[in-house]
Every structure is written in structure tokens, then in C-alpha cells.
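A.B. asks: The structure follows.
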Amino acid sequence: MTEPINFNLNGTDTTFKGDPSTSLMTFLREEAGIVSVKDGCAPQAACGCCAVEQDGKVVLSCVIQMKKVAGSTVRTIEGADPKVMSTIADAFAVCGGAQCGFCIPGIVTRTANLLDANPDPSDIEIRTALKQHLCRCTGYTKIVESIQCAGESIRSGKPIVSEPQSGAVGTRLVKHDVREVILGKRPFVADMSMNDQLFGAVRLSDHPRAIVKKIDITKAQAVPGVERVFLAKDVPGQRSVGLIVPDWPLLVAQGETTRYIGDCIACVAAATKQAAREACDAIEIDYEELEPVSDMFEALKADAPQIHDSGNVLSVSQAHKGNADKVFIDCAHIVERQYTTQRIEHAFMEPEACIAEPDGEGVKLWSQSQGVYEDRRQVALLLALEEKQVDVELVPNGGGFGGKEDLCVQGHAALMAFLLQRPVKIELTREESIRVHPKRHPLHMAYKIGCDADGKLLAVRARITGDSGAYASVGAKVLERATGHSTGAYNVPNVDVISTAVYTNNLPCGAMRGFGANQATFALECAIDELCELGGFDRWQFRFDNALTEGASTATGQVLASGVGIRATLEAVKDEFQNSKHAGIACGLKNTGIGNGMPDSGTARIMVKSPEHVEIHHGWTEMGQGVHTMAVQTFCQETGLPPDICTVHVDTSYETPCGMTTASRATSLVGNAVMEACKPLKAAMNGGGLADVVGKEFFGEWVCDWTNKPGKENGKPTCTHYSYSYATQVVIMNDDGRIDRVIAAHDAGRVMNPTLFEGQIEGSIHMGLGYALTEDLPQEKSRLKSTRLRKCGVLRARQMPTIIVRGVEEPDEFGPYGAKGVGEIGLVPTAGAVANALAAFDGVRRRSLPMTDTVAQASIDYS
């Protein structure tokens with residue numbers, strides 16, 4: 001019998017009578033019901049999302065055992081001074097300090113503690129205070145500004161005032177629903193519970209490649225509280241699904257061969273989370289272990305074991321124009337080099353979770369995925385249901401960056417809930433999350449580029465090979481995108497590019513912010529700098545002279561008609577670059593929309609509930625980027641109505657279908673769809689207010705169906721994508737070898753919301769700097785060397801330089817109000833700019849990521 005543990009929680013005397021080794025975080029979330037304390041990585045203590053105060057000091061509650069809480073005072077956001085919390089929330093809302101918001105309640109706790117001790121902290125004091133916290137969205141710039149703003153308000157007693165909130169396009173409308181997120185009041189999936197709920201857990205493969213000889217669930221079934229153990233034979237429908245290729249099994253069957261260490265062999269539903277996990281551990285599996293195929297070039301050999309029956313080549317993408325081989329003969333200067341990039345983890349702060357419950361003859365899911373309509377399609381296949389029998393409601397997620405596109409635990413939760421006819425909630429641990437979801441592709445890129453004596457680019461030849469890992473995911477599209485972006489933001493008349501996506505037994509690789517453009521741009525921009533050195537060309541002028549313009553064509557041969565802003569972004573950084581001693585420069589472009597012959601479409605439904613309440617329904621995932629806010633601002637711009645009457649919803653039962661929230665297209669497509677829905681609304685209002693249209697709904701749709709795949713134009717002009725965004729970034733180093741600042745000039749077409757635009761670029765640069773210098777997720781023989789978030793190399797606040805964002809507006813003919821995508825372009829040029837800055841500093845060319853040499857690592861050491 002354990003002794004009761006007495007302590008004070010938010011001003012109330014509290015007694016805990018359970019296992020004294022239970023973490024404080026677990027107690028707060030699961031027993032006290034305080035879900036503002038988030039579980040981002042427990043028990044790794046790497047992210048800071050679980051921060052609380054204990055006896056006046058901020059601690060990470062995931063590693064504080066309850067026996068260490070005895071006699072102490074614990075305070076969460078709920079127990080803090082409401083006036084202080086309100087001020088901090090106002091500051092973060094107005095300054096844009098929260099995007100997805102998953103990490104922010106922990107940072108708010110830290111902020112309150114910091115400002116109580118030091119009401120006027122410096123920039124470096126704030127960044128030092130944040131050393132235990134990770135944010136994957138913001139790049140920390142706006143978090144620091146928010147803390148400074150809150151401190152100023154507390155010191156002066158003056159309220160924080162935003163600019164007028166008309167909601168019009170181009171204004172700094174505060175992000176939709178953000179205040180609730182900041183204070184931890186809006187639940188994420190893991191914060192939710194259902195009546196009569198069971199808890200799910202998964203048993204992952206012990207080996208990357210092994211025959212599953214026998215699965216014995218006897219001991220698992222005997223664990224108290226276990227409702228049922230599920231195996232492959234229990235799946236009533238199509239067991240393997242996928243975004244494009246249905247090659248990914250929900251559960252690997254006895255007699256089949258595992259393909260990676262994240263394969264799921266069984267799942268368990270039980271009365272408690274602990275019982276479900278204990279039962280998973282108790283499942284006994286007999287394997288015949290096989291040598292994994294870990295190297296993509298080995299996988300391409302004729303005698304390599306075949307990962308799939310179709311072979312080890314997932315896809316081959318090509319871009320050809322002119323005659324590169326012939327033109328290289330006449331080039332005055334040629335650079336031929338090989339470049340490699342690494343596999344990295346998305347490191348979204350919110351691990352995967354899902355809740356499913358029976359719903360009539362079907363099932364309803366609460367999902368955090370990047371595509372609820374894609375969830376619906378695949379779950380229907382798994383359960384042998386019609387799509388109309390599956391309802392998926394989006395719970396805005398705690399970061400995605402592409403890593404929540406593929407079906408994950410949604411399928412397992414739906415299977416268990418459907419067969420048991422009870423709600424089931426499943427959450428992955430951080431370790432499981434890192435093992436399971438797809439990563440950024442490691443690429444090998446052999447580049448050859450040439451120019452004439454005057455510095456005119458004449459030809460690019462590239463052979464790109466990508467490790468797509470165990471399953472297709474969207475790997476073919478990533479390599480297709482690398483191909484289409486292989487000549488970057490430049491007009492190159494002769495192109496010969498072939499890209500191959502390869503199956504291995506490594507972690508699957510799929511969508512991640514930039515989607516192949518990052519890797520190709522790194523290689524190209526490094527090669528261009530070497531070409532400039534070889535020919536004695538000015539690096540800025542070379543890029544300006546060869547930049548894409550109206551009438552020029554991309555790698556695929558698409559002739560650009562309008563809105564080409566790359567030269568404008570170059571002009572925006574010219575002076576700083578040319579006046580800096582140690583500076584690197586890189587340009588980039590990034591498609592908006594999937595294109596390549598696939599339609600891009602979006603729909604919206606406006607439902608007038610009362611003169612003071614309008615619901616906007618669409619299908620895109622809010623994951624911090626602000627797509628809900630874009631929908632509201634478009635509505636306000638079109639109708640002149642205020643934003644505070646709007647709520648935004650994503651639920652498949654309302655039938656506003658769209659594809660995945662990917663390819664930087666959500667703003668473009670939701671904006672156009674809302675504009676279309678507003679046309680009949682305005683006609684019905686007839687110059688009046690909403691009173692006459694209460695109870696009515698208005699539907700809008702916008703479709704781009706005119707793109708085509710290179711080589712399949714069928715006599716039509718090549719049109720790979722309907723829109724592109726453009727950027728130039730300059731990285732400036734000081735004489736001590738530190739990165740002093742990053743200047744980012746980005747063509748957004750139309751800046752819909754300056755605060756959100758700046759936040760997207762700042763967060764992208766944070767990710768880009770990590771990609772260049774610190775982030776890696778190495779595997780050895782297809783096993784991860786580490787599953788710890790801390791080892792992924794995500795930069796912390798103290799490692800970030802000053803970021804200066806400059807918006808450029810060259811309107812796009814198809815974007816709402818001329819807007820282009822901004823979610824991915826922000827890190828497309830970053831790694832190349834960093835590599836070129838380091839070479840400007842020490843003369844050393846770096847052709848592999850991450851750049852881990854001493855000089856490179858010192859560039860972000862600000863201690």
C-alpha cells in the first residue's frame with residue numbers, strides 16, 4: 001500500500017493515491033483533466049510542451065515523478081493570474097507568436113515565470129529562457145516579439161492593441177481561434193475523450209525485413225482490461241492502402257514479410273492506455289530475419305531482393321528540352337559535381353492520434369491528418385464501407401509539414417471502433433511516431449551545368465536518385481517535383497534530367513515541406529556559385545541575368561506567362577548582398593498545386609446561421625499555417641462583413657471535398673472557392689444584410705484541370721503547374737564566422753495577411769537552417785540510430801540568427817487577389833544560401849547535408 005501524496009495544485013489541496021512513479025504530466029492530463037499541459041515527447045523531456053511551475057520554478061512534468069511532488073505547489077496555466085494570462089495571450093495573438101499552438105501553453109508558462117522575475121528581459125535572456133522548448137512552426141522570432149510585447153504591457157499597464165480587425169485581405173487579422181489555442185483551451189485530438197472509450201495501442205515490427213512466422217496473442221489477451229487483439233485477418237476490407245499506390249498494409253499478416261521497422265503487426269483495444277501497451281508488449285512473434293535492403297543503389301541491382309512484387313523502382317521522372325549533350329561541347333565553363341542530402345524527421349510537436357466511434361452502420365473519426373477526405377476514402381476501403389458511411393472531422397493539428405498526409409493510426413482506430421462498436425482512442429508515443437511516419441527523402445544528385453563565356457546558362461544535366469523507403473507514399477511525386485525544379489528559378493534552354501525513386505527497407509519517405517525542390521535547389525545553387533567562381537562572374541548578376549521572366553520556360557518546358565517575381569526578389573536583397581564581406585545567395589521557385597496532369601480543386605460552403613453567425617465549411621487542414629484565417633479574410637473581403645461572425649469547420653459530412661493539404665495550394669484554392677461561394681451569397685443579400693438569408697447555404701468550387709505531365713501534353717502547351725512562387729535568400733556571416741542574419745525576399749503574389757506571411761517564412765527558414773546544418777535521422781541496416789527527438793537536430797531559440805523578411809508582390813493570374821503559395825518556398829533556397837555563405841567565409845565547398853564540419857557548426861553557436 002503506497003502512501004498518499006499530498007500537494008497543492010492551482011490553489012487546491014490535492015491527494016494522489018496511485019503509483020508514485022507516475023509522471024506529473026500523466027496525473028495532470030489523465031486524472032486532473034488539465035490538458036493544457038501537452039504530451040509532445042514523454043518521457044524524453046526534449047520539447048517543453050509539458051512545462052508547469054513547481055514551487056515557483058518551471059519544470060518539465062513528463063519527467064517529474066509524483067513522489068517528487070509531495071509537499072510542493074504545482075501551478076499550470078489554469079492556476080495562474082488571469083490578468084497576466086490574458087495579457088500574454090493578447091501579445092501572442094497580435095504578434096503572431098502562435099501557429100499550430102501545440103507548444104505554446106508550455107511557452108506561456110515559461111513566459112509568465114520569466115516576466116515575474118524579469119519584467120524587461122532582453123532578446124538573449126528570452127532565448128536563453130526558452131532553451132528547453134522547441135517550436136517547429138515559428139522560427140521563434142514572433143515568440144520572442146510576443147514575450148517582449150507582453151512584458152511591455154505588464155510594465156506599463158497599457159493594453160495590447162491590434163490594428164483594426166476588418167478582416168480585409170492585406171490586413172493583420174489575428175489568426176482565427178488562436179487565443180484559445182495559446183492558453184491550451186482548444187483541444188487537440190489527444191486532449192479529447194468519449195464516453196465508454198477504449199484505448200488503443202500498436203505492436204510494431206521488431207525487424208526491418210523478416211518473415212512473420214507465427215503470432216501468439218495468448219498472453220496479450222490475458223492482460224487485465226484487454227478487450228481484443230486485432231490481427232491482419234480481422235480487416236474486413238482492402239488491407240493495403242496508400243495515397244497513390246495501395247502498397248501499405250494496415251497490419252502485416254502471419255506468413256508475410258515486414259518491410260520496415262514501423263510496420264504494424266497487431267493492435268490492441270483495452271480499458272486503459274497502460275493495459276493496451278502492456279498487451280502489445282506481451283504479443284509473441286516468431287520471425288525469420290532477413291538481410292534488409294538498406295542502400296538505394298544496391299536496391300537497383302538486378303540481384304537485389306525485391307521489396308515489392310513490382311520491383312524496387314517506384315518511379316522514373318524525366319525532363320528534357322533542347323539538346324544538353326550537344327550544347328555542353330560548346331560551353332565555355334562547366335561544373336560537374338555530386339551532391340547528397342539526408343533523411344530528416346518532420347518533428348511536428350504533436351504526435352499522431354485519432355479517435356473513432358461507431359456511427360450507425362459506419363464510423364466517425366476525429367482526425368489530425370492533412371486530408372480528411374483522403375482519410376475517408378482509405379478507411380472506407382479498409383472497412384469495406386461506402387464513403388458516405390465514414391465521417392471524418394478535422395481537429396486542427398499540432399503541425400504537419402507533410403508528415404501527416406499518409407494514413408496512420410486513423411485506420412487502426414477505425415478498425416477497432418467499428419468491430420467493437422465502442423469508441424477507441426489511440427495515441428503514438430514520440431518514439432513510435434519517429435518509427436512510423438514517412439520522412440524527407442535523402443537524395444543523391446549528380447549535376448552538370450554549363451554556361452557561355454558571358455555567363456549565360458546553356459545546359460543542365462542531372463541524375464537524381466531518391467530513397468523512398470518501404471512504401472510508395474508520395475515518393476514518385478517528390479522525385480517528379482525534384483525533376484521539375486531541377487533548373488531552379490532560371491531559364492535553361494537545354495535540360496536533361498532523370499530522377500528515380502527507389503524502394504528500400506528504410507523508413508518510408510514522402511511529403512515534407514519543399515517536396516523535392518529543396519534538395520534540387522541546394523545542388524543547383526551550389527553548382528552555380530562554383531560556375532561563377534570558374535568564370536569570374538558576379539554571383540548576384542549571374543542569377544539576375546539568367547532568372548526566369550515572362551516568356552521563359554522551366555525545366556519541364558512550361559512557358560511562364562505572368563507573375564514571375566524572381567528578379568524582383570533579387571533586387572530586394574541586392575544591396576545587402578553586394579555590400580557584405582561574407583555572404584551567400586540562393587534563389588528558388590516552388591509550385592503551387594499538385595499539377596502534372598492531376599486536377600487541383602477546392603470547394604467551400606457558407607451557411608448563414610443567424611445575422612450574427614456564419615459558418616464557413618471547407619476541406620483543408622488547419623495545421624498552423626492559417627488556412628482558416630485565409631477563408632475568413634476572403635469572406636470579409638468579398639462581403640464587407642466582420643470576421644467575428646465567422647466560425648470555420650472541416651468535416652466530411654458537409655461535403656466540401658478537396659485533396660491533401662499539400663503543395664502550397666490551400667490558400668489559393670480555399671480563397672478561390674470562398675470567392676465563388678460569396679457570389680450567390682451577395683446576390684441573395686442584394687445589397688442588404690444577412691437577415692434575409694438566414695438558414696440558407698451557398699456553395700462555391702474552383703478547379704484547375706488544365707495542367708499536364710511532361711511527355712503527355714497531347715498537343716497542348718506544357719503546363720506543369722498553374723502557379724509558382726519565387727524567392728531569393730541571402731545569408732550574411734560576420735567576421736567571427738557566425739551567421740549574423742538571413743534576408744529573405746519572397747514573392748507571395750499578394751500578401752493576404754502580413755503577420756501570417758512573415759511567420760510562415762520565419763518558420764521555414766528555421767527549418768531550412770536546421771536542414772542545412774544540424775538535422776539528420778540516420779539509419780544503419782535500416783534501423784534507426786536514435787528515436788529521441790533531441791537527437792533530430794531541431795534548432796532551438798538560441799541557435800537562430802536575425803531573420804529579415806521582405807514581401808514582394810507580383811500577382812498570379814489564378815490566385816485569389818493574385819496570391820501564391822508561401823508555405824514551402826520559405827526553405828527552398830536556404831541550404832544553398834548557407835553553403836554559399838560558408839564558402840564565401842572560408843573558401844570550402846560543401847556538397848552534402850547536413851554540413852557538420854567545425855566551421856559550419858560554429859556558424860550558429862551564439863554562446
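Each chain in the C-alpha cells gets a letter, A, B, ..., in the order shown, and its residues are numbered from 1; ligands are numbered from 1 in order too.
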Would you list the contacts of Ala304 (chain A) as a PyMOL selection string, taking every protein, DNA or RNA residue within 8 Å and counting only C-alpha atoms, but skipping same-chain residues closer than 5 positions in sequence?
C.D. replies: chain A and resi 293+298-299
A.B. asks: Let's have the selection written as a PDB file, in the first residue's frame, with all heavy atoms.
C.D. replies:
ATOM      1  N   VAL A 293      17.418  -4.504 -47.284  1.00  0.00           N
ATOM      2  CA  VAL A 293      17.960  -3.756 -48.418  1.00  0.00           C
ATOM      3  C   VAL A 293      18.032  -2.304 -47.973  1.00  0.00           C
ATOM      4  O   VAL A 293      17.027  -1.601 -47.930  1.00  0.00           O
ATOM      5  CB  VAL A 293      17.076  -3.910 -49.665  1.00  0.00           C
ATOM      6  CG1 VAL A 293      17.679  -3.146 -50.847  1.00  0.00           C
ATOM      7  CG2 VAL A 293      16.875  -5.376 -50.003  1.00  0.00           C
ATOM      8  N   GLU A 298      22.220  -0.299 -54.128  1.00  0.00           N
ATOM      9  CA  GLU A 298      22.201  -1.760 -54.065  1.00  0.00           C
ATOM     10  C   GLU A 298      20.828  -2.294 -54.458  1.00  0.00           C
ATOM     11  O   GLU A 298      20.700  -3.328 -55.114  1.00  0.00           O
ATOM     12  CB  GLU A 298      22.565  -2.238 -52.658  1.00  0.00           C
ATOM     13  CG  GLU A 298      24.009  -1.984 -52.262  1.00  0.00           C
ATOM     14  CD  GLU A 298      24.990  -2.782 -53.113  1.00  0.00           C
ATOM     15  OE1 GLU A 298      24.703  -3.971 -53.400  1.00  0.00           O
ATOM     16  OE2 GLU A 298      26.035  -2.212 -53.505  1.00  0.00           O
ATOM     17  N   ALA A 299      19.783  -1.550 -54.056  1.00  0.00           N
ATOM     18  CA  ALA A 299      18.415  -1.975 -54.377  1.00  0.00           C
ATOM     19  C   ALA A 299      18.159  -1.993 -55.880  1.00  0.00           C
ATOM     20  O   ALA A 299      17.295  -2.741 -56.363  1.00  0.00           O
ATOM     21  CB  ALA A 299      17.417  -1.052 -53.683  1.00  0.00           C
TER      22      ALA A 299
END
A.B. asks: Do a neighbour search on Thr720 (chain A) at 10 Å with only C-alpha atoms, toss out local chain neighbours closer than 6 positions, and write the hits as a VMD selection string.
C.D. replies: chain A and resid 481 484 554 to 559 591 593 to 598 706 to 710 713
A.B. asks: Please write the residues from the selection above to a file, keeping C-alpha atoms, as a PDB file, in the first residue's frame.
C.D. replies:
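Output saved as selection-v1.pdb:
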ATOM      1  CA  ARG A 481       8.937  17.580 -58.248  1.00  0.00           C
ATOM      2  CA  GLY A 484      10.509  19.817 -62.404  1.00  0.00           C
ATOM      3  CA  THR A 554      11.006  25.960 -66.526  1.00  0.00           C
ATOM      4  CA  ALA A 555      12.843  22.619 -66.580  1.00  0.00           C
ATOM      5  CA  THR A 556       9.731  20.908 -67.898  1.00  0.00           C
ATOM      6  CA  GLY A 557       9.353  23.362 -70.773  1.00  0.00           C
ATOM      7  CA  GLN A 558       6.420  25.229 -69.262  1.00  0.00           C
ATOM      8  CA  VAL A 559       6.446  28.777 -70.622  1.00  0.00           C
ATOM      9  CA  ASN A 591       4.962  25.192 -57.440  1.00  0.00           C
ATOM     10  CA  GLY A 593      -0.758  22.985 -56.680  1.00  0.00           C
ATOM     11  CA  ILE A 594      -0.075  19.342 -57.477  1.00  0.00           C
ATOM     12  CA  GLY A 595      -0.443  19.742 -61.236  1.00  0.00           C
ATOM     13  CA  ASN A 596       1.405  17.383 -63.588  1.00  0.00           C
ATOM     14  CA  GLY A 597      -1.928  16.363 -65.069  1.00  0.00           C
ATOM     15  CA  MET A 598      -3.725  15.947 -61.750  1.00  0.00           C
ATOM     16  CA  TRP A 706      -5.555  22.155 -67.432  1.00  0.00           C
ATOM     17  CA  THR A 707      -2.092  21.034 -66.250  1.00  0.00           C
ATOM     18  CA  ASN A 708      -0.315  18.125 -67.931  1.00  0.00           C
ATOM     19  CA  LYS A 709       2.563  15.778 -67.307  1.00  0.00           C
ATOM     20  CA  PRO A 710       5.781  16.299 -69.281  1.00  0.00           C
ATOM     21  CA  GLU A 713       0.836  17.072 -73.420  1.00  0.00           C
TER      22      GLU A 713
END
A.B. asks: Choose the residue, out of A:Cys354, A:Ala683, A:Ala517, A:Ile566, that has the smallest atom-to-atom separation from Pro829 (chain A); count only C-alpha atoms.
C.D. replies: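 Going through A:Cys354, A:Ala683, A:Ala517, A:Ile566 one by one, the smallest distance to Pro829 (chain A) is for A:Ala517.
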A.B. asks: DSSP on the backbone, then: every residue of region 626-829 of chain A marked strand (DSSP E or B), written as a PyMOL selection string.
C.D. replies: chain A and resi 646-649+651+697-704+723-733+739-747+779-780+783-784+802-808
A.B. asks: Name all residues at most 6 Å from region 233-247 of chain A (count only C-alpha atoms; drop same-chain ones fewer than 5 positions away) and give them as a list of chain:residue names.
C.D. replies: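 So, after excluding close chain neighbours, the residues are A:Leu381, A:Leu382, A:Leu383, A:Ala384, A:Ser473.
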A.B. asks: Mind writing the picked residues with N, CA, C and O atoms as a PDB file, in the first residue's frame?
C.D. replies:
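Saved result, selection_36.pdb, follows:
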ATOM      1  N   LEU A 381     -12.229   1.883 -47.658  1.00  0.00           N
ATOM      2  CA  LEU A 381     -11.647   0.703 -48.296  1.00  0.00           C
ATOM      3  C   LEU A 381     -11.280  -0.359 -47.256  1.00  0.00           C
ATOM      4  O   LEU A 381     -11.543  -1.549 -47.444  1.00  0.00           O
ATOM      5  N   LEU A 382     -10.666   0.067 -46.161  1.00  0.00           N
ATOM      6  CA  LEU A 382     -10.250  -0.874 -45.119  1.00  0.00           C
ATOM      7  C   LEU A 382     -11.436  -1.614 -44.502  1.00  0.00           C
ATOM      8  O   LEU A 382     -11.351  -2.807 -44.199  1.00  0.00           O
ATOM      9  N   LEU A 383     -12.520  -0.907 -44.304  1.00  0.00           N
ATOM     10  CA  LEU A 383     -13.676  -1.476 -43.600  1.00  0.00           C
ATOM     11  C   LEU A 383     -14.750  -2.006 -44.539  1.00  0.00           C
ATOM     12  O   LEU A 383     -15.809  -2.442 -44.082  1.00  0.00           O
ATOM     13  N   ALA A 384     -14.488  -1.949 -45.852  1.00  0.00           N
ATOM     14  CA  ALA A 384     -15.463  -2.401 -46.853  1.00  0.00           C
ATOM     15  C   ALA A 384     -16.779  -1.634 -46.718  1.00  0.00           C
ATOM     16  O   ALA A 384     -17.872  -2.209 -46.764  1.00  0.00           O
ATOM     17  N   SER A 473       4.037   5.907 -50.577  1.00  0.00           N
ATOM     18  CA  SER A 473       3.603   7.218 -50.083  1.00  0.00           C
ATOM     19  C   SER A 473       3.426   8.137 -51.297  1.00  0.00           C
ATOM     20  O   SER A 473       2.741   7.780 -52.252  1.00  0.00           O
TER      21      SER A 473
END
A.B. asks: Using only C-alpha atoms, which residues of region 666-721 of chain A come within 12 Å of region 607-631 of chain A, and what is the closest atom pair for each, with the distance in Å to one decimal? Give it as a Markdown table, sorted by chain and residue number.
C.D. replies:
| residue | atom | partner | partner_atom | distance |
| --- | --- | --- | --- | --- |
| A:Ala666 | CA | A:Trp620 | CA | 6.5 |
| A:Thr667 | CA | A:Val627 | CA | 6.0 |
| A:Ser668 | CA | A:Met630 | CA | 9.1 |
| A:Leu669 | CA | A:Trp620 | CA | 9.2 |
| A:Val670 | CA | A:Ala631 | CA | 6.2 |
| A:Gly671 | CA | A:Ala631 | CA | 6.0 |
| A:Asn672 | CA | A:Ala631 | CA | 9.3 |
| A:Ala673 | CA | A:His618 | CA | 8.6 |
| A:Val674 | CA | A:Ala631 | CA | 6.6 |
| A:Met675 | CA | A:Ala631 | CA | 9.1 |
| A:Glu676 | CA | A:Ala631 | CA | 11.8 |
| A:Ala677 | CA | A:Ile616 | CA | 9.8 |
| A:Cys678 | CA | A:Ile616 | CA | 10.6 |
| A:Pro680 | CA | A:Met607 | CA | 12.0 |
| A:Leu681 | CA | A:Val608 | CA | 9.4 |
| A:Ala684 | CA | A:Val608 | CA | 11.6 |
| A:Met685 | CA | A:Val608 | CA | 11.2 |
| A:Gly688 | CA | A:Pro611 | CA | 11.1 |
| A:Gly689 | CA | A:Pro611 | CA | 7.5 |
| A:Leu690 | CA | A:Pro611 | CA | 5.0 |
| A:Ala691 | CA | A:Pro611 | CA | 5.1 |
| A:Asp692 | CA | A:Pro611 | CA | 8.5 |
| A:Val693 | CA | A:Val608 | CA | 6.7 |
| A:Val694 | CA | A:Val608 | CA | 5.1 |
| A:Gly695 | CA | A:Val608 | CA | 5.6 |
| A:Lys696 | CA | A:Val608 | CA | 5.8 |
| A:Glu697 | CA | A:Met607 | CA | 4.3 |
| A:Phe698 | CA | A:Met607 | CA | 6.5 |
| A:Phe699 | CA | A:Met607 | CA | 8.9 |
| A:Gly700 | CA | A:His618 | CA | 9.8 |
| A:Glu701 | CA | A:His618 | CA | 10.2 |
A.B. asks: Of the candidates A:Thr12, A:Gln54, A:Thr138, A:Gln197, which one gets nearest to Leu756 (chain A) if we count only C-alpha atoms?
C.D. replies: A:Thr138
A.B. asks: With only C-alpha atoms as the counted atoms, please give the residues lying no more than 7 Å from Ser664 (chain A), apart from itself and same-chain residues fewer than 2 positions off, as a count of residues only.
C.D. replies: 8
A.B. asks: Pick out the closest residue to Ala568 (chain A) from this set: A:Ser782, A:Thr549, A:Ser23, A:Thr647. Count only C-alpha atoms.
C.D. replies: A:Thr549
